[in-house]
>>> print(open('start.cif').read())   # mmCIF, C-alpha atoms
data_entry
#
loop_
_atom_site.label_atom_id
_atom_site.label_comp_id
_atom_site.auth_asym_id
_atom_site.auth_seq_id
_atom_site.Cartn_x
_atom_site.Cartn_y
_atom_site.Cartn_z
CA MET A 1 41.51 48.92 -59.43
CA SER A 2 39.12 46.98 -57.17
CA ALA A 3 36.96 48.60 -54.49
CA ALA A 4 38.92 46.79 -51.76
CA LEU A 5 42.33 47.93 -53.03
CA LEU A 6 41.08 51.50 -53.30
CA GLY A 7 39.87 51.25 -49.70
CA ILE A 8 43.23 49.91 -48.51
CA LEU A 9 45.11 52.71 -50.26
CA SER A 10 42.68 55.25 -48.81
CA ALA A 11 43.17 53.87 -45.28
CA LEU A 12 46.97 53.97 -45.63
CA SER A 13 46.87 57.55 -46.89
CA PHE A 14 44.40 58.84 -44.30
CA GLY A 15 46.24 57.02 -41.51
CA ALA A 16 49.55 58.63 -42.45
CA ALA A 17 47.95 62.08 -42.82
CA ASP A 18 46.23 61.81 -39.42
CA PHE A 19 49.45 60.71 -37.74
CA MET A 20 51.23 63.73 -39.21
CA ALA A 21 48.32 65.97 -38.15
CA ARG A 22 49.17 65.12 -34.53
CA PHE A 23 52.30 67.24 -34.93
CA SER A 24 51.24 69.95 -37.39
CA THR A 25 48.05 70.72 -35.45
CA ARG A 26 49.96 71.11 -32.20
CA ALA A 27 52.37 73.50 -33.93
CA HIS A 28 49.51 75.60 -35.36
CA ASN A 29 45.76 75.85 -34.85
CA PRO A 30 43.55 73.16 -36.46
CA VAL A 31 42.12 75.55 -39.07
CA ALA A 32 45.59 76.66 -40.20
CA SER A 33 46.91 73.09 -40.28
CA TYR A 34 44.02 71.72 -42.30
CA GLY A 35 43.96 74.84 -44.47
CA ALA A 36 47.57 74.16 -45.48
CA VAL A 37 46.69 70.53 -46.23
CA LEU A 38 43.80 71.65 -48.46
CA LEU A 39 46.01 74.22 -50.21
CA VAL A 40 48.50 71.48 -51.10
CA GLY A 41 45.66 69.30 -52.38
CA ALA A 42 44.16 72.15 -54.40
CA ILE A 43 47.47 73.01 -56.06
CA ALA A 44 48.41 69.37 -56.71
CA THR A 45 45.07 68.43 -58.24
CA SER A 46 45.05 71.61 -60.34
CA LEU A 47 48.46 70.68 -61.75
CA VAL A 48 47.32 67.12 -62.47
CA VAL A 49 44.24 68.43 -64.27
CA LEU A 50 46.45 70.72 -66.39
CA VAL A 51 49.11 68.16 -67.35
CA SER A 52 46.83 65.14 -67.73
CA GLY A 53 45.03 66.59 -70.70
CA GLN A 54 41.81 65.13 -69.33
CA SER A 55 38.77 66.98 -70.58
CA LEU A 56 36.65 68.52 -67.87
CA VAL A 57 33.06 67.36 -67.79
CA TRP A 58 30.31 69.87 -67.19
CA SER A 59 27.60 68.12 -65.25
CA PRO A 60 25.57 70.31 -62.87
CA LEU A 61 24.75 67.22 -60.81
CA GLY A 62 28.34 66.00 -60.65
CA VAL A 63 29.83 69.41 -59.92
CA GLY A 64 27.19 70.02 -57.26
CA PHE A 65 27.97 66.72 -55.53
CA ALA A 66 31.72 67.45 -55.75
CA MET A 67 31.26 70.87 -54.14
CA LEU A 68 29.12 69.36 -51.38
CA HIS A 69 31.84 66.72 -50.91
CA GLY A 70 34.51 69.40 -50.49
CA LEU A 71 32.38 71.44 -48.11
CA ALA A 72 31.54 68.36 -46.04
CA SER A 73 35.21 67.35 -45.90
CA ALA A 74 36.25 70.73 -44.52
CA VAL A 75 33.43 70.94 -41.96
CA MET A 76 33.99 67.35 -40.82
CA ALA A 77 37.73 67.93 -40.32
CA VAL A 78 37.15 71.06 -38.24
CA LEU A 79 34.54 69.29 -36.10
CA LEU A 80 36.77 66.22 -35.68
CA TYR A 81 39.80 68.27 -34.63
CA TRP A 82 37.60 70.30 -32.28
CA GLY A 83 36.11 67.19 -30.69
CA LEU A 84 39.48 65.49 -30.26
CA ALA A 85 40.95 68.64 -28.74
CA ARG A 86 38.10 68.80 -26.21
CA GLY A 87 38.24 65.10 -25.40
CA PRO A 88 37.76 62.48 -24.37
CA ILE A 89 39.00 60.59 -27.43
CA SER A 90 37.26 57.50 -26.04
CA VAL A 91 33.95 59.27 -26.79
CA VAL A 92 34.80 61.07 -30.03
CA ALA A 93 36.78 58.44 -31.94
CA PRO A 94 34.30 55.51 -31.69
CA ILE A 95 31.37 57.71 -32.72
CA VAL A 96 33.16 59.06 -35.79
CA ALA A 97 34.55 55.59 -36.58
CA SER A 98 31.00 54.23 -36.79
CA HIS A 99 30.20 56.24 -39.94
CA PRO A 100 30.56 53.24 -42.34
CA ALA A 101 27.52 51.66 -40.70
CA PHE A 102 25.41 54.61 -41.83
CA VAL A 103 27.10 54.64 -45.25
CA LEU A 104 26.17 50.98 -45.66
CA MET A 105 22.56 51.65 -44.72
CA VAL A 106 22.24 54.37 -47.34
CA MET A 107 24.00 52.35 -50.06
CA VAL A 108 21.83 49.32 -49.44
CA ALA A 109 18.77 51.58 -49.60
CA LEU A 110 20.09 52.82 -52.95
CA GLY A 111 20.22 49.26 -54.28
CA SER A 112 23.70 47.89 -53.43
CA ARG A 113 23.62 44.16 -52.64
CA PRO A 114 26.88 42.80 -51.18
CA GLU A 115 27.32 39.03 -50.94
CA VAL A 116 27.10 37.26 -47.56
CA ALA A 117 30.89 36.88 -47.27
CA GLN A 118 31.32 40.57 -48.02
CA TRP A 119 28.75 41.50 -45.36
CA VAL A 120 30.62 39.41 -42.78
CA ALA A 121 34.01 40.83 -43.77
CA MET A 122 32.71 44.40 -43.66
CA ALA A 123 31.17 43.79 -40.23
CA VAL A 124 34.53 42.49 -38.96
CA VAL A 125 36.38 45.53 -40.36
CA LEU A 126 33.83 47.93 -38.87
CA ALA A 127 33.93 46.20 -35.46
CA GLY A 128 37.72 46.32 -35.49
CA GLY A 129 37.73 50.03 -36.27
CA ILE A 130 35.35 50.81 -33.43
CA LEU A 131 37.30 48.56 -31.03
CA ILE A 132 40.63 50.23 -31.76
CA ALA A 133 39.01 53.64 -31.34
CA TRP A 134 37.57 52.65 -27.95
CA MET A 135 41.03 51.57 -26.82
CA ALA A 136 42.59 54.96 -27.64
CA GLU A 137 44.30 56.56 -24.65
CA GLU A 138 45.17 60.16 -23.84
CA ASP A 139 45.63 62.43 -20.90
CA GLU A 140 42.23 64.05 -20.62
CA PRO A 141 41.82 67.70 -19.64
CA GLY A 142 40.43 68.24 -16.17
CA ASP A 143 36.90 69.12 -17.34
CA ALA A 144 36.60 66.42 -20.01
CA ARG A 145 34.40 64.25 -17.79
CA ASP A 146 32.13 67.10 -16.71
CA PRO A 147 28.56 66.20 -17.79
CA SER A 148 27.91 69.45 -19.66
CA HIS A 149 31.33 69.30 -21.32
CA LEU A 150 30.70 65.68 -22.29
CA ARG A 151 27.28 66.46 -23.78
CA THR A 152 28.78 69.17 -25.97
CA THR A 153 31.60 66.85 -27.07
CA LEU A 154 29.01 64.16 -27.84
CA ARG A 155 27.06 66.53 -30.08
CA ILE A 156 30.25 67.54 -31.90
CA ALA A 157 31.20 63.88 -32.47
CA VAL A 158 27.74 62.93 -33.75
CA ALA A 159 27.79 65.90 -36.13
CA ALA A 160 31.26 64.89 -37.40
CA CYS A 161 30.04 61.31 -37.92
CA LEU A 162 26.98 62.35 -39.93
CA ILE A 163 28.97 64.82 -42.03
CA TYR A 164 31.55 62.08 -42.66
CA VAL A 165 28.71 60.00 -44.11
CA ALA A 166 27.76 62.95 -46.31
CA LEU A 167 31.30 63.46 -47.60
CA VAL A 168 31.62 59.77 -48.53
CA LEU A 169 28.27 59.61 -50.30
CA THR A 170 28.52 62.93 -52.13
CA GLY A 171 32.05 62.14 -53.33
CA GLN A 172 31.08 58.71 -54.59
CA GLN A 173 27.94 60.07 -56.26
CA ALA A 174 30.01 62.69 -58.11
CA VAL A 175 32.51 60.21 -59.59
CA PRO A 176 30.16 58.51 -62.10
CA GLU A 177 29.19 61.97 -63.37
CA ILE A 178 32.54 63.77 -63.65
CA GLY A 179 35.26 61.27 -62.68
CA ALA A 180 37.47 60.85 -59.62
CA LEU A 181 40.09 63.45 -60.59
CA GLN A 182 37.60 66.23 -61.24
CA THR A 183 35.68 65.33 -58.08
CA THR A 184 38.84 65.54 -55.96
CA TRP A 185 39.91 68.78 -57.65
CA ILE A 186 36.59 70.56 -57.12
CA GLY A 187 36.36 69.15 -53.60
CA ARG A 188 39.79 70.49 -52.62
CA LEU A 189 39.03 73.94 -54.01
CA THR A 190 35.63 74.10 -52.32
CA GLY A 191 37.04 72.85 -49.02
CA LEU A 192 39.84 75.43 -49.13
CA ALA A 193 37.33 78.22 -49.72
CA ALA A 194 35.29 76.96 -46.76
CA ILE A 195 38.35 76.89 -44.48
CA VAL A 196 39.28 80.45 -45.46
CA ALA A 197 35.71 81.53 -44.66
CA VAL A 198 35.86 79.77 -41.27
CA ALA A 199 39.20 81.38 -40.46
CA ALA A 200 37.88 84.83 -41.38
CA ALA A 201 34.69 84.37 -39.37
CA SER A 202 36.53 83.08 -36.28
CA ARG A 203 39.50 85.41 -36.74
CA GLN A 204 41.97 82.54 -36.64
CA SER A 205 45.36 82.91 -38.29
CA LEU A 206 46.17 80.76 -41.32
CA ALA A 207 49.90 81.52 -41.07
CA ILE A 208 52.23 78.52 -41.32
CA ARG A 209 55.76 78.49 -39.91
CA PRO A 210 58.23 78.14 -42.83
CA ARG A 211 60.03 75.14 -41.34
CA TRP A 212 56.72 73.22 -41.30
CA MET A 213 56.04 73.68 -45.01
CA PRO A 214 57.82 70.49 -46.24
CA PHE A 215 56.05 68.49 -43.53
CA LEU A 216 52.65 69.87 -44.50
CA LEU A 217 53.43 69.27 -48.15
CA VAL A 218 53.73 65.53 -47.49
CA GLN A 219 50.68 65.57 -45.21
CA GLY A 220 48.67 67.35 -47.88
CA PHE A 221 49.59 64.79 -50.54
CA ALA A 222 48.63 61.94 -48.21
CA ASP A 223 45.28 63.56 -47.39
CA MET A 224 44.59 64.24 -51.07
CA LEU A 225 45.38 60.64 -52.02
CA GLY A 226 43.08 59.39 -49.25
CA TYR A 227 40.14 61.38 -50.61
CA ALA A 228 40.97 60.61 -54.24
CA THR A 229 40.92 56.84 -53.68
CA LEU A 230 37.84 57.05 -51.45
CA THR A 231 35.88 58.91 -54.09
CA ALA A 232 37.26 56.67 -56.86
CA GLY A 233 35.50 53.82 -55.09
CA GLY A 234 32.27 55.37 -56.32
CA GLY A 235 33.11 54.14 -59.81
CA THR A 236 33.36 50.48 -58.73
CA ALA A 237 30.65 47.86 -58.41
CA HIS A 238 30.83 47.95 -54.60
CA PRO A 239 31.57 51.48 -53.33
CA GLU A 240 30.49 50.41 -49.82
CA ILE A 241 33.56 48.15 -49.61
CA THR A 242 35.88 51.10 -50.29
CA ALA A 243 34.09 53.16 -47.62
CA VAL A 244 34.32 50.46 -44.94
CA ILE A 245 37.99 49.58 -45.52
CA SER A 246 38.94 53.26 -45.74
CA ALA A 247 37.51 53.72 -42.24
CA GLY A 248 40.30 51.46 -40.95
CA PHE A 249 42.74 54.39 -41.23
CA SER A 250 42.94 54.47 -37.43
CA VAL A 251 44.92 51.21 -37.54
CA VAL A 252 47.61 52.88 -39.66
CA THR A 253 47.75 55.82 -37.25
CA VAL A 254 48.08 53.50 -34.24
CA LEU A 255 50.79 51.40 -35.90
CA LEU A 256 52.77 54.51 -36.82
CA ALA A 257 52.50 55.74 -33.23
CA TRP A 258 53.70 52.32 -32.05
CA ALA A 259 56.63 52.19 -34.49
CA ILE A 260 57.77 55.81 -34.30
CA LEU A 261 56.58 57.14 -30.95
CA LYS A 262 56.91 53.78 -29.16
CA GLU A 263 53.34 53.98 -27.88
CA ARG A 264 52.09 50.78 -26.29
CA ILE A 265 49.54 48.62 -28.14
CA GLY A 266 47.45 46.42 -25.87
CA PRO A 267 46.10 42.93 -26.68
CA LEU A 268 42.67 44.23 -27.67
CA GLN A 269 44.22 46.74 -30.04
CA TRP A 270 46.25 43.96 -31.69
CA LEU A 271 43.02 41.97 -31.99
CA ALA A 272 41.33 44.96 -33.65
CA ILE A 273 44.25 45.33 -36.07
CA ALA A 274 44.00 41.64 -36.95
CA MET A 275 40.23 41.96 -37.50
CA ILE A 276 40.64 44.90 -39.87
CA ALA A 277 43.56 43.31 -41.75
CA GLY A 278 41.76 39.97 -42.06
CA GLY A 279 38.46 41.48 -43.13
CA SER A 280 40.20 43.70 -45.69
CA ALA A 281 42.10 40.70 -47.07
CA VAL A 282 38.83 38.78 -47.56
CA LEU A 283 37.29 41.76 -49.36
CA ALA A 284 40.38 42.26 -51.51
CA GLY A 285 40.40 38.58 -52.42
CA GLY A 286 36.75 38.73 -53.44
#
>>> encode(input="start.cif", output="structure tokens")
Amino acid sequence: MSAALLGILSALSFGAADFMARFSTRAHNPVASYGAVLLVGAIATSLVVLVSGQSLVWSPLGVGFAMLHGLASAVMAVLLYWGLARGPISVVAPIVASHPAFVLMVMVALGSRPEVAQWVAMAVVLAGGILIAWMAEEDEPGDARDPSHLRTTLRIAVAACLIYVALVLTGQQAVPEIGALQTTWIGRLTGLAAIVAVAAASRQSLAIRPRWMPFLLVQGFADMLGYATLTAGGGTAHPEITAVISAGFSVVTVLLAWAILKERIGPLQWLAIAMIAGGSAVLAGG
């Protein structure tokens, strides 16, 4: 599968999972919600490893990168949920959405050389993702615009952005060593262990209401597929293309909110959606 198609599948999966997280996180605390998502991913990938008959590869480098990928995924999710809960989204979302720019810088430094048309298409996708994030609306808490509150939120968002870069790069570095399946499996297990440690340290409950289990099962599969396709991009000739298109997951979330929750989409948001769709189509066609 091409890098662009992997990125599109990753964006669709992450977008659906994030839309569902809107509901599951409100019903529980963020650590419990994401912990359940990771548990689903850990069980599902373990079953796939067992039934696939695929031989596990022992590579200290690959396993190390996969563990760092899982740890980064868990820490990034907690930071992202924390930042979004504090608000304002108009500060948090654009900063986190800018992570592909840093991913590109690192990949180019490592020797990747996209063609001119690919550079232009990736720039359009990235600009569209940041634009749609800037246009996000929410009812901000009363202290969200307080300078000290805003500075703390800014630090959380920057940390989430940088860790997002780390999770993309470590996952895609692990794939050539141990494969996408093993990378996702180790990453889910490591992330779950990290979430349990965070919950224990912060004394937050990981209990899930029984009626939410089917919902979180679907959310967990979507999240797992998003990470699996993102890391699988590391085995293609242009992993940076997968990373950039995957970052367009916010479009899927916005479109789901428009279709299901009847949230309004303004002209600039439609423009951003068109930019991301058009840029992704160019990359997929290349």
>>> residues_around(input="start.cif", residues="Pro30 (chain A)", least_positions_apart="6", cutoff="9 Å", atoms="all atoms listed in the file", output="list of chain:residue names")
A:Ala21, A:Ser24, A:Ala77, A:Val78, A:Tyr81, A:Trp82
>>> closest_residue(input="start.cif", among="A:Val103, A:Ile186, A:Ala200, A:Ala274", to="Ile43 (chain A)", atoms="only C-alpha atoms")
A:Ile186
>>> residues_near_point(input="start.cif", point="(37.7, 61.9, -48.2)", cutoff="10 Å", atoms="all atoms listed in the file", output="ChimeraX atom specification")
/A:10,14,69-70,72-74,76-77,164,167-169,171-172,184,187-188,223-231,243,246
>>> atom_distance(input="start.cif", atom1="CA of Ser2 (chain A)", atom2="CA of His238 (chain A)")
8.7 Å
>>> closest_residue(input="start.cif", among="A:Leu61, A:Leu6, A:Met1, A:Leu12", to="Pro176 (chain A)", atoms="all atoms listed in the file")
A:Leu61
>>> residues_around(input="start.cif", residues="region 153-162 of chain A", least_positions_apart="4", cutoff="7 Å", atoms="all atoms listed in the file", output="NGL selection string")
:A and (76 or 79-80 or 83 or 86 or 92 or 95-96 or 99 or 149 or 166)
>>> atom_distance(input="start.cif", atom1="CA of Arg113 (chain A)", atom2="CA of Ala127 (chain A)")
20.1 Å
>>> closest_residue(input="start.cif", among="A:Leu68, A:Ile265, A:Ile273, A:Ala117", to="Val251 (chain A)", atoms="all atoms listed in the file")
A:Ile273
>>> closest_residue(input="start.cif", among="A:Ala17, A:Ala199, A:Val244, A:Leu189", to="Ile276 (chain A)", atoms="only C-alpha atoms")
A:Val244
>>> atom_distance(input="start.cif", atom1="CA of Phe215 (chain A)", atom2="CA of Ala44 (chain A)")
15.3 Å
>>> residues_around(input="start.cif", residues="Ile245 (chain A)", least_positions_apart="5", cutoff="9 Å", atoms="only C-alpha atoms", output="number ranges by chain")
A: 4-8, 10-11, 100, 122, 125-126, 240, 276, 279-280, 283
>>> resolve_selection(input="start.cif", expression="the PyMOL selection byres ((chain A and resi 114) around 12)", output="PyMOL selection string")
chain A and resi 104-105+107-108+111-113+115-123+237-241+283+286
>>> decode(input="start.cif", residues="region 164-198 of chain A", atoms="N, CA, C and O atoms", output="PDB file, in the first residue's frame")
ATOM      1  N   TYR A 164       4.334  14.292  19.945  1.00  0.00           N
ATOM      2  CA  TYR A 164       3.688  13.728  18.753  1.00  0.00           C
ATOM      3  C   TYR A 164       4.740  13.451  17.674  1.00  0.00           C
ATOM      4  O   TYR A 164       4.713  12.417  16.999  1.00  0.00           O
ATOM      5  N   VAL A 165       5.675  14.383  17.518  1.00  0.00           N
ATOM      6  CA  VAL A 165       6.773  14.178  16.559  1.00  0.00           C
ATOM      7  C   VAL A 165       7.556  12.922  16.936  1.00  0.00           C
ATOM      8  O   VAL A 165       7.887  12.093  16.084  1.00  0.00           O
ATOM      9  N   ALA A 166       7.820  12.770  18.228  1.00  0.00           N
ATOM     10  CA  ALA A 166       8.589  11.614  18.697  1.00  0.00           C
ATOM     11  C   ALA A 166       7.849  10.311  18.436  1.00  0.00           C
ATOM     12  O   ALA A 166       8.462   9.315  18.013  1.00  0.00           O
ATOM     13  N   LEU A 167       6.526  10.303  18.647  1.00  0.00           N
ATOM     14  CA  LEU A 167       5.792   9.044  18.447  1.00  0.00           C
ATOM     15  C   LEU A 167       5.751   8.656  16.965  1.00  0.00           C
ATOM     16  O   LEU A 167       5.796   7.471  16.629  1.00  0.00           O
ATOM     17  N   VAL A 168       5.656   9.662  16.081  1.00  0.00           N
ATOM     18  CA  VAL A 168       5.672   9.366  14.642  1.00  0.00           C
ATOM     19  C   VAL A 168       7.030   8.812  14.230  1.00  0.00           C
ATOM     20  O   VAL A 168       7.122   7.764  13.561  1.00  0.00           O
ATOM     21  N   LEU A 169       8.087   9.477  14.626  1.00  0.00           N
ATOM     22  CA  LEU A 169       9.429   9.083  14.195  1.00  0.00           C
ATOM     23  C   LEU A 169       9.861   7.756  14.789  1.00  0.00           C
ATOM     24  O   LEU A 169      10.448   6.918  14.088  1.00  0.00           O
ATOM     25  N   THR A 170       9.596   7.538  16.076  1.00  0.00           N
ATOM     26  CA  THR A 170      10.007   6.278  16.697  1.00  0.00           C
ATOM     27  C   THR A 170       9.229   5.100  16.104  1.00  0.00           C
ATOM     28  O   THR A 170       9.798   4.031  15.860  1.00  0.00           O
ATOM     29  N   GLY A 171       7.932   5.301  15.858  1.00  0.00           N
ATOM     30  CA  GLY A 171       7.132   4.233  15.252  1.00  0.00           C
ATOM     31  C   GLY A 171       7.631   3.890  13.867  1.00  0.00           C
ATOM     32  O   GLY A 171       7.779   2.704  13.512  1.00  0.00           O
ATOM     33  N   GLN A 172       7.909   4.899  13.065  1.00  0.00           N
ATOM     34  CA  GLN A 172       8.342   4.640  11.695  1.00  0.00           C
ATOM     35  C   GLN A 172       9.788   4.157  11.623  1.00  0.00           C
ATOM     36  O   GLN A 172      10.175   3.526  10.646  1.00  0.00           O
ATOM     37  N   GLN A 173      10.579   4.413  12.650  1.00  0.00           N
ATOM     38  CA  GLN A 173      11.933   3.850  12.698  1.00  0.00           C
ATOM     39  C   GLN A 173      11.904   2.388  13.115  1.00  0.00           C
ATOM     40  O   GLN A 173      12.771   1.599  12.720  1.00  0.00           O
ATOM     41  N   ALA A 174      10.889   2.007  13.909  1.00  0.00           N
ATOM     42  CA  ALA A 174      10.799   0.622  14.379  1.00  0.00           C
ATOM     43  C   ALA A 174      10.359  -0.329  13.272  1.00  0.00           C
ATOM     44  O   ALA A 174      10.783  -1.485  13.238  1.00  0.00           O
ATOM     45  N   VAL A 175       9.508   0.153  12.360  1.00  0.00           N
ATOM     46  CA  VAL A 175       8.910  -0.727  11.342  1.00  0.00           C
ATOM     47  C   VAL A 175       9.945  -1.442  10.475  1.00  0.00           C
ATOM     48  O   VAL A 175       9.838  -2.655  10.257  1.00  0.00           O
ATOM     49  N   PRO A 176      10.958  -0.760   9.934  1.00  0.00           N
ATOM     50  CA  PRO A 176      11.936  -1.496   9.115  1.00  0.00           C
ATOM     51  C   PRO A 176      12.675  -2.581   9.885  1.00  0.00           C
ATOM     52  O   PRO A 176      13.185  -3.540   9.290  1.00  0.00           O
ATOM     53  N   GLU A 177      12.729  -2.452  11.210  1.00  0.00           N
ATOM     54  CA  GLU A 177      13.456  -3.424  12.033  1.00  0.00           C
ATOM     55  C   GLU A 177      12.595  -4.625  12.417  1.00  0.00           C
ATOM     56  O   GLU A 177      13.047  -5.770  12.355  1.00  0.00           O
ATOM     57  N   ILE A 178      11.335  -4.379  12.815  1.00  0.00           N
ATOM     58  CA  ILE A 178      10.514  -5.476  13.355  1.00  0.00           C
ATOM     59  C   ILE A 178       9.138  -5.577  12.695  1.00  0.00           C
ATOM     60  O   ILE A 178       8.354  -6.467  13.047  1.00  0.00           O
ATOM     61  N   GLY A 179       8.808  -4.684  11.762  1.00  0.00           N
ATOM     62  CA  GLY A 179       7.523  -4.760  11.086  1.00  0.00           C
ATOM     63  C   GLY A 179       6.441  -3.941  11.767  1.00  0.00           C
ATOM     64  O   GLY A 179       6.532  -3.633  12.962  1.00  0.00           O
ATOM     65  N   ALA A 180       5.399  -3.607  10.997  1.00  0.00           N
ATOM     66  CA  ALA A 180       4.336  -2.746  11.505  1.00  0.00           C
ATOM     67  C   ALA A 180       3.511  -3.419  12.598  1.00  0.00           C
ATOM     68  O   ALA A 180       3.137  -2.786  13.588  1.00  0.00           O
ATOM     69  N   LEU A 181       3.201  -4.710  12.423  1.00  0.00           N
ATOM     70  CA  LEU A 181       2.369  -5.409  13.408  1.00  0.00           C
ATOM     71  C   LEU A 181       3.060  -5.480  14.760  1.00  0.00           C
ATOM     72  O   LEU A 181       2.464  -5.140  15.800  1.00  0.00           O
ATOM     73  N   GLN A 182       4.314  -5.893  14.764  1.00  0.00           N
ATOM     74  CA  GLN A 182       5.036  -6.022  16.023  1.00  0.00           C
ATOM     75  C   GLN A 182       5.253  -4.655  16.669  1.00  0.00           C
ATOM     76  O   GLN A 182       5.196  -4.520  17.893  1.00  0.00           O
ATOM     77  N   THR A 183       5.472  -3.635  15.849  1.00  0.00           N
ATOM     78  CA  THR A 183       5.632  -2.277  16.384  1.00  0.00           C
ATOM     79  C   THR A 183       4.355  -1.824  17.070  1.00  0.00           C
ATOM     80  O   THR A 183       4.389  -1.281  18.192  1.00  0.00           O
ATOM     81  N   THR A 184       3.208  -2.029  16.416  1.00  0.00           N
ATOM     82  CA  THR A 184       1.929  -1.633  17.000  1.00  0.00           C
ATOM     83  C   THR A 184       1.646  -2.419  18.270  1.00  0.00           C
ATOM     84  O   THR A 184       1.179  -1.866  19.266  1.00  0.00           O
ATOM     85  N   TRP A 185       1.935  -3.722  18.244  1.00  0.00           N
ATOM     86  CA  TRP A 185       1.683  -4.581  19.404  1.00  0.00           C
ATOM     87  C   TRP A 185       2.500  -4.131  20.617  1.00  0.00           C
ATOM     88  O   TRP A 185       1.958  -3.914  21.706  1.00  0.00           O
ATOM     89  N   ILE A 186       3.792  -3.957  20.430  1.00  0.00           N
ATOM     90  CA  ILE A 186       4.657  -3.529  21.533  1.00  0.00           C
ATOM     91  C   ILE A 186       4.269  -2.124  21.999  1.00  0.00           C
ATOM     92  O   ILE A 186       4.252  -1.830  23.201  1.00  0.00           O
ATOM     93  N   GLY A 187       3.923  -1.266  21.040  1.00  0.00           N
ATOM     94  CA  GLY A 187       3.525   0.096  21.385  1.00  0.00           C
ATOM     95  C   GLY A 187       2.272   0.136  22.227  1.00  0.00           C
ATOM     96  O   GLY A 187       2.182   0.890  23.209  1.00  0.00           O
ATOM     97  N   ARG A 188       1.269  -0.688  21.883  1.00  0.00           N
ATOM     98  CA  ARG A 188       0.030  -0.730  22.673  1.00  0.00           C
ATOM     99  C   ARG A 188       0.292  -1.239  24.085  1.00  0.00           C
ATOM    100  O   ARG A 188      -0.250  -0.697  25.057  1.00  0.00           O
ATOM    101  N   LEU A 189       1.105  -2.284  24.207  1.00  0.00           N
ATOM    102  CA  LEU A 189       1.399  -2.838  25.526  1.00  0.00           C
ATOM    103  C   LEU A 189       2.173  -1.842  26.389  1.00  0.00           C
ATOM    104  O   LEU A 189       1.871  -1.658  27.574  1.00  0.00           O
ATOM    105  N   THR A 190       3.150  -1.183  25.783  1.00  0.00           N
ATOM    106  CA  THR A 190       3.942  -0.202  26.525  1.00  0.00           C
ATOM    107  C   THR A 190       3.083   0.994  26.931  1.00  0.00           C
ATOM    108  O   THR A 190       3.169   1.481  28.069  1.00  0.00           O
ATOM    109  N   GLY A 191       2.249   1.473  26.008  1.00  0.00           N
ATOM    110  CA  GLY A 191       1.371   2.591  26.319  1.00  0.00           C
ATOM    111  C   GLY A 191       0.402   2.260  27.430  1.00  0.00           C
ATOM    112  O   GLY A 191       0.137   3.084  28.317  1.00  0.00           O
ATOM    113  N   LEU A 192      -0.144   1.038  27.413  1.00  0.00           N
ATOM    114  CA  LEU A 192      -1.074   0.622  28.464  1.00  0.00           C
ATOM    115  C   LEU A 192      -0.379   0.600  29.822  1.00  0.00           C
ATOM    116  O   LEU A 192      -0.944   1.060  30.827  1.00  0.00           O
ATOM    117  N   ALA A 193       0.837   0.083  29.857  1.00  0.00           N
ATOM    118  CA  ALA A 193       1.589   0.067  31.111  1.00  0.00           C
ATOM    119  C   ALA A 193       1.832   1.489  31.615  1.00  0.00           C
ATOM    120  O   ALA A 193       1.740   1.762  32.829  1.00  0.00           O
ATOM    121  N   ALA A 194       2.122   2.395  30.690  1.00  0.00           N
ATOM    122  CA  ALA A 194       2.353   3.793  31.073  1.00  0.00           C
ATOM    123  C   ALA A 194       1.090   4.430  31.637  1.00  0.00           C
ATOM    124  O   ALA A 194       1.138   5.167  32.641  1.00  0.00           O
ATOM    125  N   ILE A 195      -0.067   4.145  31.021  1.00  0.00           N
ATOM    126  CA  ILE A 195      -1.327   4.709  31.497  1.00  0.00           C
ATOM    127  C   ILE A 195      -1.668   4.184  32.889  1.00  0.00           C
ATOM    128  O   ILE A 195      -2.134   4.929  33.763  1.00  0.00           O
ATOM    129  N   VAL A 196      -1.439   2.890  33.114  1.00  0.00           N
ATOM    130  CA  VAL A 196      -1.683   2.319  34.442  1.00  0.00           C
ATOM    131  C   VAL A 196      -0.791   2.993  35.476  1.00  0.00           C
ATOM    132  O   VAL A 196      -1.235   3.308  36.595  1.00  0.00           O
ATOM    133  N   ALA A 197       0.463   3.250  35.107  1.00  0.00           N
ATOM    134  CA  ALA A 197       1.385   3.928  36.030  1.00  0.00           C
ATOM    135  C   ALA A 197       0.920   5.355  36.317  1.00  0.00           C
ATOM    136  O   ALA A 197       0.966   5.812  37.469  1.00  0.00           O
ATOM    137  N   VAL A 198       0.446   6.060  35.282  1.00  0.00           N
ATOM    138  CA  VAL A 198      -0.062   7.425  35.470  1.00  0.00           C
ATOM    139  C   VAL A 198      -1.281   7.420  36.381  1.00  0.00           C
ATOM    140  O   VAL A 198      -1.418   8.258  37.285  1.00  0.00           O
TER     141      VAL A 198
END
